[in-house]
>>> print(open('final-v9.txt').read())   # compact mmCIF, C-alpha atoms
# COMPACT_ATOMS: atom_id res chain seq x y z
CA MET O 1 -92.46 -1.78 -111.99
CA LYS O 2 -88.74 -1.11 -111.84
CA ALA O 3 -88.34 -2.45 -115.37
CA THR O 4 -90.71 0.19 -116.76
CA ALA O 5 -88.86 2.98 -114.97
CA PHE O 6 -85.49 1.70 -116.16
CA LEU O 7 -86.65 1.41 -119.78
CA PHE O 8 -88.17 4.88 -119.70
CA LEU O 9 -85.01 6.50 -118.32
CA ALA O 10 -82.83 4.45 -120.70
CA THR O 11 -84.95 5.65 -123.62
CA LEU O 12 -84.45 9.29 -122.60
CA PHE O 13 -80.72 8.73 -122.12
CA CYS O 14 -80.20 7.19 -125.58
CA ILE O 15 -82.83 9.12 -127.49
CA THR O 16 -80.32 11.34 -129.33
CA TRP O 17 -77.99 8.49 -130.37
CA GLU O 18 -78.97 8.35 -134.05
CA LYS O 19 -75.85 6.50 -135.20
CA VAL O 20 -76.51 3.52 -132.95
CA HIS O 21 -78.75 1.60 -135.32
CA TRP O 22 -78.86 -1.70 -137.14
CA SER O 23 -80.04 -2.53 -140.65
CA PHE O 24 -82.59 -5.32 -141.16
CA GLY O 25 -83.85 -4.17 -144.50
CA VAL O 26 -84.83 -1.01 -142.63
CA ASP O 27 -82.78 0.87 -140.07
CA VAL O 28 -83.73 0.11 -136.46
CA SER O 29 -82.16 2.50 -133.96
CA ILE O 30 -81.50 1.97 -130.29
CA SER O 31 -84.23 4.57 -129.68
CA ASP O 32 -86.72 2.39 -131.59
CA VAL O 33 -85.81 -0.68 -129.55
CA LEU O 34 -85.95 1.05 -126.17
CA THR O 35 -89.17 2.89 -127.05
CA ILE O 36 -90.94 -0.33 -128.04
CA LEU O 37 -89.71 -2.10 -124.89
CA PHE O 38 -90.89 0.80 -122.72
CA LEU O 39 -94.31 0.84 -124.39
CA LEU O 40 -94.72 -2.89 -123.84
CA ALA O 41 -93.68 -2.62 -120.18
CA PHE O 42 -95.95 0.41 -119.70
CA ALA O 43 -98.93 -1.41 -121.24
CA LEU O 44 -98.39 -4.47 -119.04
CA GLU O 45 -98.10 -2.30 -115.94
CA TRP O 46 -101.17 -0.27 -116.89
CA VAL O 47 -103.28 -3.37 -117.46
CA GLY O 48 -101.90 -5.05 -114.34
CA ARG O 49 -102.96 -2.10 -112.21
CA GLY O 50 -106.41 -2.17 -113.76
CA GLU O 51 -106.21 1.55 -114.53
CA ARG O 52 -108.76 3.09 -116.84
CA ARG O 53 -108.20 6.81 -116.36
CA PHE O 54 -105.38 8.93 -117.74
CA PRO O 55 -104.62 12.69 -117.67
CA ARG O 56 -106.53 15.06 -119.91
CA THR O 57 -103.20 16.08 -121.41
CA THR O 58 -102.72 12.50 -122.65
CA ALA O 59 -106.23 12.56 -124.12
CA ILE O 60 -105.43 15.77 -126.03
CA VAL O 61 -102.18 14.24 -127.31
CA LEU O 62 -104.19 11.26 -128.59
CA ILE O 63 -106.70 13.60 -130.25
CA VAL O 64 -103.84 15.41 -132.02
CA PHE O 65 -102.41 12.02 -132.98
CA ALA O 66 -105.77 10.97 -134.47
CA ALA O 67 -106.14 14.25 -136.37
CA LEU O 68 -102.64 14.04 -137.87
CA LEU O 69 -103.17 10.36 -138.66
CA VAL O 70 -106.24 11.25 -140.73
CA VAL O 71 -104.24 13.93 -142.58
CA TYR O 72 -101.41 11.50 -143.34
CA LEU O 73 -103.81 8.77 -144.47
CA VAL O 74 -105.56 11.16 -146.82
CA GLY O 75 -102.14 12.22 -148.14
CA PHE O 76 -101.54 8.57 -148.99
CA PHE O 77 -103.84 8.95 -152.01
CA ASN O 78 -101.44 11.50 -153.53
CA ILE O 79 -98.64 8.91 -153.67
CA GLN O 80 -97.82 7.79 -157.20
CA THR O 81 -94.62 5.66 -157.04
CA LYS O 82 -93.35 2.67 -155.08
CA ASP O 83 -90.42 4.71 -153.73
CA SER O 84 -92.90 7.25 -152.38
CA LEU O 85 -94.94 4.47 -150.80
CA ASP O 86 -91.84 3.06 -149.11
CA GLN O 87 -90.93 6.47 -147.72
CA TRP O 88 -94.52 7.06 -146.59
CA LEU O 89 -94.55 3.74 -144.72
CA LYS O 90 -91.27 4.58 -142.97
CA GLY O 91 -92.61 7.98 -142.01
CA MET O 92 -95.85 6.49 -140.69
CA VAL O 93 -94.01 3.97 -138.49
CA LYS O 94 -91.91 6.75 -136.94
CA PHE O 95 -94.94 9.02 -136.52
CA VAL O 96 -96.94 6.32 -134.71
CA LEU O 97 -94.03 5.42 -132.42
CA HIS O 98 -93.33 9.08 -131.62
CA PHE O 99 -96.88 9.97 -130.67
CA VAL O 100 -97.65 6.74 -128.81
CA PHE O 101 -94.44 7.25 -126.83
CA LEU O 102 -95.44 10.86 -126.14
CA ALA O 103 -98.90 9.89 -124.88
CA ALA O 104 -97.53 7.03 -122.75
CA ALA O 105 -94.67 9.12 -121.35
CA VAL O 106 -97.01 11.90 -120.21
CA ALA O 107 -99.38 9.40 -118.56
CA TYR O 108 -96.46 7.58 -116.93
CA MET O 109 -94.76 10.68 -115.50
CA ALA O 110 -98.08 12.14 -114.35
CA ARG O 111 -98.43 9.42 -111.72
CA ARG O 112 -94.77 9.23 -110.73
CA SER O 113 -93.08 11.30 -108.04
CA ARG O 114 -91.41 14.66 -108.43
CA THR O 115 -88.10 12.95 -107.75
CA PHE O 116 -88.66 10.64 -110.71
CA TYR O 117 -89.47 13.61 -112.92
CA TRP O 118 -86.12 15.19 -112.06
CA ARG O 119 -84.46 11.85 -112.83
CA ALA O 120 -86.11 11.96 -116.24
CA ILE O 121 -84.72 15.46 -116.83
CA ALA O 122 -81.29 14.22 -115.72
CA ALA O 123 -81.40 11.15 -117.98
CA PHE O 124 -82.28 13.25 -121.03
CA THR O 125 -79.56 15.81 -120.22
CA LEU O 126 -76.86 13.26 -119.44
CA GLY O 127 -77.60 11.46 -122.70
CA LEU O 128 -76.78 14.67 -124.56
CA ALA O 129 -73.75 15.21 -122.30
CA ALA O 130 -72.52 11.75 -123.32
CA ASN O 131 -73.02 12.85 -126.92
CA GLY O 132 -70.89 15.90 -126.15
CA VAL O 133 -68.11 13.83 -124.62
CA TYR O 134 -68.08 11.58 -127.67
CA ALA O 135 -67.98 14.69 -129.89
CA VAL O 136 -64.80 15.90 -128.18
CA LEU O 137 -63.17 12.46 -128.44
CA GLN O 138 -64.29 12.20 -132.05
CA LEU O 139 -62.73 15.58 -132.87
CA LEU O 140 -59.44 14.79 -131.12
CA ALA O 141 -59.24 11.38 -132.81
CA ALA O 142 -59.94 12.89 -136.24
CA ARG O 143 -57.11 15.39 -135.79
CA GLY O 144 -54.88 12.41 -135.09
CA GLY O 145 -56.04 10.68 -138.29
CA VAL O 146 -58.32 8.17 -136.54
CA ASN O 147 -61.98 7.51 -137.41
CA LEU O 148 -63.43 6.96 -133.95
CA ASP O 149 -66.78 5.83 -135.38
CA GLN O 150 -65.03 3.09 -137.29
CA ARG O 151 -63.22 1.95 -134.16
CA ILE O 152 -66.16 2.05 -131.74
CA LEU O 153 -69.49 2.12 -133.58
CA ALA O 154 -68.80 -0.06 -136.63
CA PRO O 155 -68.12 -3.27 -134.62
CA LEU O 156 -71.34 -2.61 -132.69
CA THR O 157 -73.69 -1.66 -135.51
CA GLY O 158 -72.00 -3.00 -138.63
CA GLY O 159 -72.58 0.35 -140.32
CA ALA O 160 -70.23 3.04 -141.59
CA SER O 161 -70.08 6.59 -140.24
CA SER O 162 -67.53 9.29 -139.52
CA ILE O 163 -67.04 12.84 -138.36
CA ASN O 164 -68.23 15.56 -140.76
CA VAL O 165 -65.53 17.10 -142.97
CA TYR O 166 -66.30 20.76 -143.72
CA GLY O 167 -63.26 21.65 -145.83
CA ALA O 168 -59.62 22.61 -145.42
CA VAL O 169 -57.49 25.66 -144.64
CA ASN O 170 -53.91 25.56 -145.97
CA GLY O 171 -54.07 21.77 -146.03
CA ALA O 172 -55.51 21.51 -142.50
CA THR O 173 -58.84 19.66 -142.53
CA ILE O 174 -61.82 21.33 -140.86
CA PHE O 175 -63.85 18.82 -138.86
CA ARG O 176 -67.36 19.33 -137.50
CA PRO O 177 -68.19 16.78 -134.78
CA ASN O 178 -71.55 15.06 -135.16
CA ALA O 179 -70.99 12.73 -132.17
CA LEU O 180 -73.69 10.04 -132.00
CA THR O 181 -76.15 12.09 -134.06
CA GLY O 182 -76.29 11.96 -137.84
CA ASP O 183 -75.19 15.52 -138.50
CA PRO O 184 -73.35 18.36 -136.70
CA ASN O 185 -76.41 20.58 -137.15
CA HIS O 186 -78.58 17.92 -135.49
CA LEU O 187 -76.24 17.91 -132.52
CA ALA O 188 -76.18 21.70 -132.26
CA VAL O 189 -79.97 22.10 -132.41
CA MET O 190 -80.47 19.26 -129.92
CA LEU O 191 -78.08 20.97 -127.49
CA CYS O 192 -80.35 24.04 -127.46
CA VAL O 193 -82.78 22.05 -125.32
CA PRO O 194 -80.62 21.33 -122.24
CA LEU O 195 -78.78 24.65 -122.54
CA LEU O 196 -81.92 26.79 -122.58
CA THR O 197 -83.97 24.54 -120.29
CA LEU O 198 -81.42 24.35 -117.48
CA LEU O 199 -79.97 27.86 -117.69
CA PRO O 200 -82.78 29.52 -115.68
CA VAL O 201 -82.73 26.65 -113.17
CA TYR O 202 -79.01 27.25 -112.70
CA LEU O 203 -79.51 31.00 -112.33
CA ARG O 204 -82.05 30.47 -109.54
CA LEU O 205 -80.01 27.96 -107.52
CA GLU O 206 -79.22 29.15 -104.02
CA ARG O 207 -75.64 30.09 -103.15
CA GLY O 208 -73.81 27.00 -101.92
CA HIS O 209 -76.23 24.58 -103.56
CA ARG O 210 -74.47 21.29 -104.32
CA LEU O 211 -75.52 21.37 -108.00
CA ARG O 212 -74.43 24.93 -108.71
CA VAL O 213 -70.84 24.19 -109.77
CA PRO O 214 -71.59 20.91 -111.61
CA LEU O 215 -74.41 22.57 -113.55
CA ALA O 216 -72.20 25.54 -114.45
CA VAL O 217 -69.52 23.18 -115.75
CA LEU O 218 -72.08 21.12 -117.68
CA LEU O 219 -73.68 24.15 -119.34
CA GLY O 220 -70.28 25.58 -120.26
CA PHE O 221 -69.16 22.25 -121.72
CA LEU O 222 -72.34 21.78 -123.77
CA PHE O 223 -72.04 25.31 -125.14
CA LEU O 224 -68.44 24.67 -126.21
CA VAL O 225 -69.55 21.49 -127.98
CA GLN O 226 -72.30 23.43 -129.72
CA LEU O 227 -69.78 26.02 -130.92
CA ALA O 228 -67.50 23.21 -132.17
CA THR O 229 -70.24 22.03 -134.53
CA LEU O 230 -70.01 25.37 -136.42
CA SER O 231 -73.80 25.25 -136.77
CA ARG O 232 -75.56 28.52 -137.55
CA SER O 233 -78.94 26.91 -136.97
CA GLY O 234 -77.89 25.96 -133.44
CA LEU O 235 -76.73 29.51 -132.70
CA LEU O 236 -79.96 30.93 -134.14
CA GLY O 237 -81.90 28.73 -131.73
CA MET O 238 -79.76 29.93 -128.82
CA VAL O 239 -80.22 33.60 -129.74
CA ILE O 240 -84.01 33.29 -129.92
CA GLY O 241 -84.15 31.29 -126.68
CA LEU O 242 -81.91 33.75 -124.81
CA ALA O 243 -84.03 36.64 -126.08
CA ILE O 244 -87.06 35.00 -124.43
CA LEU O 245 -85.17 34.33 -121.20
CA ALA O 246 -84.06 37.95 -121.12
CA ILE O 247 -87.66 38.92 -120.33
CA PRO O 248 -87.88 37.35 -116.86
CA TYR O 249 -84.14 36.97 -116.17
CA ARG O 250 -82.63 40.15 -117.63
CA ARG O 251 -80.86 40.97 -114.35
CA LYS O 252 -79.59 37.43 -113.86
CA LEU O 253 -78.11 37.37 -117.36
CA THR O 254 -75.58 40.02 -116.31
CA SER O 255 -74.88 38.61 -112.86
CA ARG O 256 -71.63 37.02 -111.68
CA VAL O 257 -73.29 33.62 -111.46
CA LEU O 258 -73.51 33.60 -115.28
CA LEU O 259 -70.53 35.79 -116.19
CA TYR O 260 -68.01 33.56 -114.40
CA PRO O 261 -68.87 30.36 -116.36
CA LEU O 262 -69.11 32.44 -119.54
CA ALA O 263 -65.65 33.85 -118.87
CA GLY O 264 -64.38 30.28 -118.60
CA VAL O 265 -65.87 29.45 -122.01
CA VAL O 266 -64.31 32.58 -123.52
CA ALA O 267 -60.92 31.70 -122.00
CA VAL O 268 -61.00 28.22 -123.54
CA LEU O 269 -61.99 29.68 -126.92
CA ALA O 270 -59.24 32.31 -126.72
CA ILE O 271 -56.58 29.68 -126.07
CA VAL O 272 -57.78 27.49 -128.93
CA VAL O 273 -58.12 30.37 -131.41
CA ALA O 274 -54.76 31.90 -130.46
CA SER O 275 -52.99 28.65 -131.30
CA ARG O 276 -54.29 28.69 -134.91
CA ARG O 277 -55.35 32.26 -135.59
CA HIS O 278 -55.31 32.25 -139.41
CA TYR O 279 -57.14 28.92 -139.50
CA PHE O 280 -60.01 30.29 -137.43
CA GLU O 281 -60.14 33.60 -139.31
CA VAL O 282 -60.72 31.76 -142.60
CA LEU O 283 -63.20 29.41 -140.92
CA LEU O 284 -65.20 32.24 -139.36
CA LYS O 285 -65.41 34.13 -142.65
CA SER O 286 -66.74 31.02 -144.39
CA ARG O 287 -69.48 30.60 -141.76
CA VAL O 288 -70.74 34.21 -141.83
CA GLN O 289 -71.13 34.40 -145.61
CA THR O 290 -74.67 33.96 -146.93
CA GLY O 291 -74.12 33.41 -150.63
CA GLY O 292 -72.48 29.99 -150.74
CA ARG O 293 -73.82 26.71 -152.13
CA SER O 294 -74.98 25.51 -148.70
CA GLU O 295 -76.86 28.73 -147.99
CA ASN O 296 -78.52 28.68 -151.43
CA ALA O 297 -79.69 25.10 -150.81
CA HIS O 298 -81.30 26.12 -147.52
CA PHE O 299 -83.17 29.01 -149.12
CA ALA O 300 -83.97 27.25 -152.39
CA VAL O 301 -86.22 24.66 -150.75
CA TYR O 302 -88.71 27.39 -149.91
CA SER O 303 -89.34 27.83 -153.65
CA PHE O 304 -91.01 24.40 -153.63
CA VAL O 305 -93.77 25.60 -151.31
CA PRO O 306 -95.80 27.64 -153.87
CA GLN O 307 -95.67 24.71 -156.31
CA ILE O 308 -97.19 22.33 -153.76
CA ILE O 309 -99.76 24.87 -152.57
CA HIS O 310 -100.87 25.10 -156.21
CA SER O 311 -100.92 21.36 -156.98
CA HIS O 312 -101.76 19.69 -153.62
CA PRO O 313 -102.85 22.50 -151.29
CA LEU O 314 -104.80 20.67 -148.59
CA PHE O 315 -102.89 17.46 -147.78
CA GLY O 316 -99.57 17.77 -149.62
CA LEU O 317 -97.57 15.08 -151.39
CA GLY O 318 -97.59 12.52 -148.59
CA LEU O 319 -95.69 12.09 -145.35
CA ASN O 320 -91.91 11.69 -145.70
CA THR O 321 -91.95 11.79 -149.51
CA PHE O 322 -90.09 15.05 -150.16
CA SER O 323 -86.82 13.37 -151.19
CA VAL O 324 -88.54 11.17 -153.78
CA TYR O 325 -90.40 13.95 -155.55
CA TYR O 326 -87.38 16.24 -155.70
CA GLU O 327 -84.73 13.69 -156.60
CA PHE O 328 -84.79 15.03 -160.15
CA VAL O 329 -83.79 18.45 -158.76
CA THR O 330 -81.16 17.36 -156.25
CA GLY O 331 -79.89 14.15 -157.85
CA LYS O 332 -80.02 12.52 -154.40
CA SER O 333 -82.59 9.96 -153.27
CA ASN O 334 -82.21 10.82 -149.57
CA TRP O 335 -82.08 14.61 -149.78
CA GLY O 336 -84.30 16.24 -147.19
CA PRO O 337 -85.89 19.67 -147.41
CA HIS O 338 -83.44 21.32 -144.95
CA SER O 339 -86.39 22.97 -143.22
CA PHE O 340 -88.98 21.42 -140.97
CA TYR O 341 -91.60 23.90 -142.13
CA VAL O 342 -90.97 23.20 -145.81
CA ALA O 343 -91.34 19.49 -145.07
CA LEU O 344 -94.52 20.18 -143.12
CA ILE O 345 -96.17 22.18 -145.90
CA VAL O 346 -94.91 20.10 -148.83
CA GLU O 347 -95.69 16.71 -147.30
CA THR O 348 -98.89 17.45 -145.31
CA GLY O 349 -100.37 20.53 -146.95
CA ILE O 350 -102.25 23.37 -145.32
CA VAL O 351 -104.40 21.07 -143.17
CA GLY O 352 -101.44 19.17 -141.75
CA THR O 353 -99.48 22.37 -141.16
CA VAL O 354 -102.32 24.04 -139.26
CA ALA O 355 -102.90 20.91 -137.18
CA PHE O 356 -99.24 20.69 -136.13
CA LEU O 357 -98.98 24.41 -135.40
CA LEU O 358 -102.04 24.12 -133.15
CA PHE O 359 -100.26 21.29 -131.35
CA LEU O 360 -97.22 23.53 -130.80
CA ARG O 361 -99.50 26.26 -129.49
CA TYR O 362 -100.94 23.76 -127.00
CA ILE O 363 -97.43 22.96 -125.73
CA PHE O 364 -96.78 26.67 -125.14
CA ALA O 365 -100.11 26.89 -123.31
CA ARG O 366 -99.16 24.01 -121.00
CA LEU O 367 -95.84 25.66 -120.24
CA HIS O 368 -97.75 28.83 -119.41
CA ALA O 369 -99.85 26.70 -117.05
CA ALA O 370 -96.63 25.34 -115.51
CA ARG O 371 -95.48 28.89 -114.72
CA ALA O 372 -98.87 29.51 -113.10
CA VAL O 373 -98.37 26.35 -111.02
CA GLY O 374 -95.02 27.74 -109.91
CA ARG O 375 -96.63 30.98 -108.77
CA ALA O 376 -99.35 29.08 -106.92
CA LEU O 377 -96.77 26.88 -105.19
CA ALA O 378 -94.90 30.00 -104.10
CA ALA O 379 -98.13 31.35 -102.62
CA ILE O 380 -98.52 28.30 -100.36
CA GLY O 381 -94.84 28.21 -99.45
CA ASP O 382 -93.90 25.11 -101.41
CA VAL O 383 -90.12 24.99 -101.94
CA ASN O 384 -90.55 23.50 -105.43
CA ALA O 385 -91.77 26.88 -106.68
CA ALA O 386 -88.15 28.00 -107.02
CA ARG O 387 -87.56 25.20 -109.52
CA VAL O 388 -90.86 24.92 -111.41
CA ARG O 389 -91.08 28.47 -112.79
CA PRO O 390 -87.44 28.58 -114.00
CA LEU O 391 -87.84 25.16 -115.59
CA ALA O 392 -91.05 26.23 -117.32
CA TRP O 393 -89.40 29.40 -118.62
CA GLY O 394 -86.40 27.38 -119.78
CA MET O 395 -88.59 24.90 -121.65
CA THR O 396 -90.50 27.78 -123.25
CA ALA O 397 -87.23 29.25 -124.49
CA ALA O 398 -86.01 25.82 -125.63
CA LEU O 399 -89.19 25.19 -127.60
CA ALA O 400 -89.05 28.60 -129.27
CA GLY O 401 -85.34 28.20 -129.99
CA THR O 402 -85.87 24.76 -131.52
CA MET O 403 -88.65 26.10 -133.71
CA ALA O 404 -86.40 28.94 -134.90
CA ALA O 405 -83.49 26.57 -135.63
CA ASN O 406 -85.81 24.38 -137.69
CA VAL O 407 -86.45 27.19 -140.16
CA PHE O 408 -83.25 26.00 -141.86
CA TYR O 409 -83.04 22.49 -140.46
CA LEU O 410 -85.36 19.71 -139.38
CA THR O 411 -84.98 18.04 -136.00
CA MET O 412 -88.57 18.42 -134.81
CA GLN O 413 -89.45 15.10 -136.44
CA PHE O 414 -86.84 13.22 -134.35
CA TYR O 415 -87.37 11.19 -131.18
CA TYR O 416 -85.60 13.69 -128.93
CA PHE O 417 -88.15 16.40 -129.73
CA TYR O 418 -91.04 14.21 -128.61
CA ALA O 419 -89.14 13.29 -125.43
CA PHE O 420 -88.69 16.99 -124.72
CA VAL O 421 -92.38 17.65 -125.41
CA ALA O 422 -93.32 14.83 -123.02
CA LEU O 423 -91.24 16.44 -120.27
CA ALA O 424 -92.82 19.82 -121.00
CA LEU O 425 -96.40 18.52 -120.97
CA ALA O 426 -95.83 16.49 -117.79
CA LEU O 427 -94.35 19.44 -115.87
CA PRO O 428 -97.62 21.07 -114.71
CA LEU O 429 -99.19 17.66 -114.01
CA VAL O 430 -96.40 16.47 -111.72
CA PHE O 431 -96.03 19.65 -109.66
CA ALA O 432 -99.70 20.67 -109.38
CA ARG O 433 -100.61 17.82 -107.00
CA PRO O 434 -100.34 19.87 -103.76
CA LEU O 435 -102.66 22.46 -105.32
CA ARG O 436 -105.27 19.80 -106.18
CA ARG O 437 -105.18 18.48 -102.63
>>> encode(input="final-v9.txt", output="structure tokens")
Amino acid sequence: MKATAFLFLATLFCITWEKVHWSFGVDVSISDVLTILFLLAFALEWVGRGERRFPRTTAIVLIVFAALLVVYLVGFFNIQTKDSLDQWLKGMVKFVLHFVFLAAAVAYMARRSRTFYWRAIAAFTLGLAANGVYAVLQLLAARGGVNLDQRILAPLTGGASSINVYGAVNGATIFRPNALTGDPNHLAVMLCVPLLTLLPVYLRLERGHRLRVPLAVLLGFLFLVQLATLSRSGLLGMVIGLAILAIPYRRKLTSRVLLYPLAGVVAVLAIVVASRRHYFEVLLKSRVQTGGRSENAHFAVYSFVPQIIHSHPLFGLGLNTFSVYYEFVTGKSNWGPHSFYVALIVETGIVGTVAFLLFLRYIFARLHAARAVGRALAAIGDVNAARVRPLAWGMTAALAGTMAANVFYLTMQFYYFYAFVALALALPLVFARPLRR
């Protein structure tokens, strides 16, 4: 049905728009609404077609879902306060929606055309590009003394939000754009996915291809937005991802096709920095230091891990309950662990951590299978081979980069990550059809 396709693409497009949410006792985001509508439309279409079979990949996703569900339900018995129970319930709702969406998205894309798969990639990427455009407008408005969120988002959502204020240099405020995400670091880590995923695709485009210039402009723009966030976690993810891409594309990384767009980015940065040299010198020094309060907070959360391994080693304190148990340390009721892996160990214990790491290993294995599909397509002369292998390498780099960035941040529990995983798992299924025939 066209409605199912529209809802799926709309979900991918809006999946990083964290600020677009409404409060009904609990926060309901636009991603929640679109995901639920897509799942309902998908279920109706599936039943209407009388289908009973689904890909093995979907079955494995459901097995992982069941295993993690058991871990989280067992962790429920470690909950001791009402606040912890409330947080656990919120975490469970998100977990169920994320994994059901993942399973449905893989099954849905597996029976759609290759063209539709590329549309899904485009919808996801353009949604982040829209975030980038809003980030630029948000930054320009803030420099003019205007809270763009208050002007645009508040009338729509009824909530309050604003650009992140990092500090000041000689009375000049330092702004870090967070766009439609909740945090500048969220935006930066999210941008690792399209940047690393599409870079190898761009490098392999034929000379004169109609997407070569638009893709170069898009990648350069997204990289500038990422730099504007001043996020070290985002840059860490990019470094790790580029190190992986340097294995198969080491010659391409020094070619004119990449150096020209990179020169454009450097030129823009040079103009901006030259206009306020002292401002950026002070800013850069503040971001490279490692002994500040922010850095100590990121490292300090790892000290909680041995305590939990000692007291609740197998199943942790309970899903999504970190902030409640450590409110007495932080003084904040909504303070997260600032590390996905700390959250994983503290909240789900050794069993939950091993289960999720095995799931990540499975995603890498499917991307390895996608590269094999690309080689097989090349052997039979299929033109899609020139796109499948670069895309698979890009997704491998994006996954590794996201995992690295989450050492000091946590975005792998957000909707966008499961959308990315769905695209990665569906890749070998969609493009292996000629080989099966």
>>> closest_residue(input="final-v9.txt", among="O:Leu224, O:Ala43, O:Ala355, O:Leu199", to="Ala67 of chain O", atoms="only C-alpha atoms")
O:Ala355
>>> residues_around(input="final-v9.txt", residues="segment 166-178 of chain O", least_positions_apart="6", cutoff="12 Å", atoms="all atoms listed in the file", output="NGL selection string")
:O and (16-19 or 128 or 131-145 or 147-149 or 184-191 or 224-231 or 276-287 or 294)
>>> closest_residue(input="final-v9.txt", among="O:Ala426, O:Ala110, O:Val421, O:Val407", to="Ala369 of chain O", atoms="only C-alpha atoms")
O:Ala426
>>> atom_distance(input="final-v9.txt", atom1="atom CA of Arg112 of chain O", atom2="atom CA of His209 of chain O")
25.1 Å
>>> atom_distance(input="final-v9.txt", atom1="atom CA of Val47 of chain O", atom2="atom CA of Arg111 of chain O")
14.8 Å
>>> closest_residue(input="final-v9.txt", among="O:Met109, O:Val351, O:Val146, O:Ala104", to="Val70 of chain O", atoms="all atoms listed in the file")
O:Val351
>>> atom_distance(input="final-v9.txt", atom1="atom CA of Arg212 of chain O", atom2="atom CA of Arg256 of chain O")
12.8 Å
>>> closest_residue(input="final-v9.txt", among="O:Leu198, O:Ala267, O:Leu85, O:Leu180", to="Leu153 of chain O", atoms="only C-alpha atoms")
O:Leu180
>>> closest_atom_pairs(input="final-v9.txt", of="segment 86-147 of chain O", to="segment 23-41 of chain O", cutoff="9 Å", atoms="all atoms listed in the file", output="tab-separated table")
residue	atom	partner	partner_atom	distance
O:Lys90	CA	O:Val26	CA	8.5
O:Lys94	CA	O:Asp32	CA	8.6
O:Leu97	CA	O:Thr35	CA	7.7
O:His98	CA	O:Thr35	CA	8.7
O:Val100	CA	O:Leu39	CA	8.1
O:Phe101	CA	O:Thr35	CA	6.8
O:Ala104	CA	O:Leu39	CA	7.2
O:Ala105	CA	O:Leu39	CA	8.8
>>> residues_around(input="final-v9.txt", residues="Leu344 of chain O", least_positions_apart="4", cutoff="10 Å", atoms="all atoms listed in the file", output="list in words")
Val305, Phe315, Gly316, Gly318, Leu319, Asn320, Phe322, Pro337, Ser339, Phe340, Thr348, Gly349, Ile350, Val351, Gly352, Thr353, Val354, Phe356, Leu357, Leu410 and Gln413 of chain O
>>> closest_residue(input="final-v9.txt", among="O:Phe431, O:Trp118, O:Phe417, O:Phe304", to="Val383 of chain O", atoms="only C-alpha atoms")
O:Phe431
>>> residues_around(input="final-v9.txt", residues="Gly220 of chain O", least_positions_apart="3", cutoff="12 Å", atoms="all atoms listed in the file", output="MDAnalysis selection string")
chainID O and resid 129 132 191 194:196 198:199 202 213:217 223:227 258:269
>>> residues_around(input="final-v9.txt", residues="Gln87 of chain O", least_positions_apart="5", cutoff="12 Å", atoms="all atoms listed in the file", output="ChimeraX atom specification")
/O:26,76,79-82,92-94,317-325,333-334,336,347
>>> closest_residue(input="final-v9.txt", among="O:Trp393, O:Leu236, O:Val71, O:Thr125", to="Ala419 of chain O", atoms="only C-alpha atoms")
O:Thr125
>>> residues_near_point(input="final-v9.txt", point="(-89.1, 10.8, -119.7)", cutoff="10 Å", atoms="only C-alpha atoms", output="VMD selection string")
chain O and resid 5 7 to 13 101 to 102 104 to 106 108 to 109 116 to 124 418 to 424 426
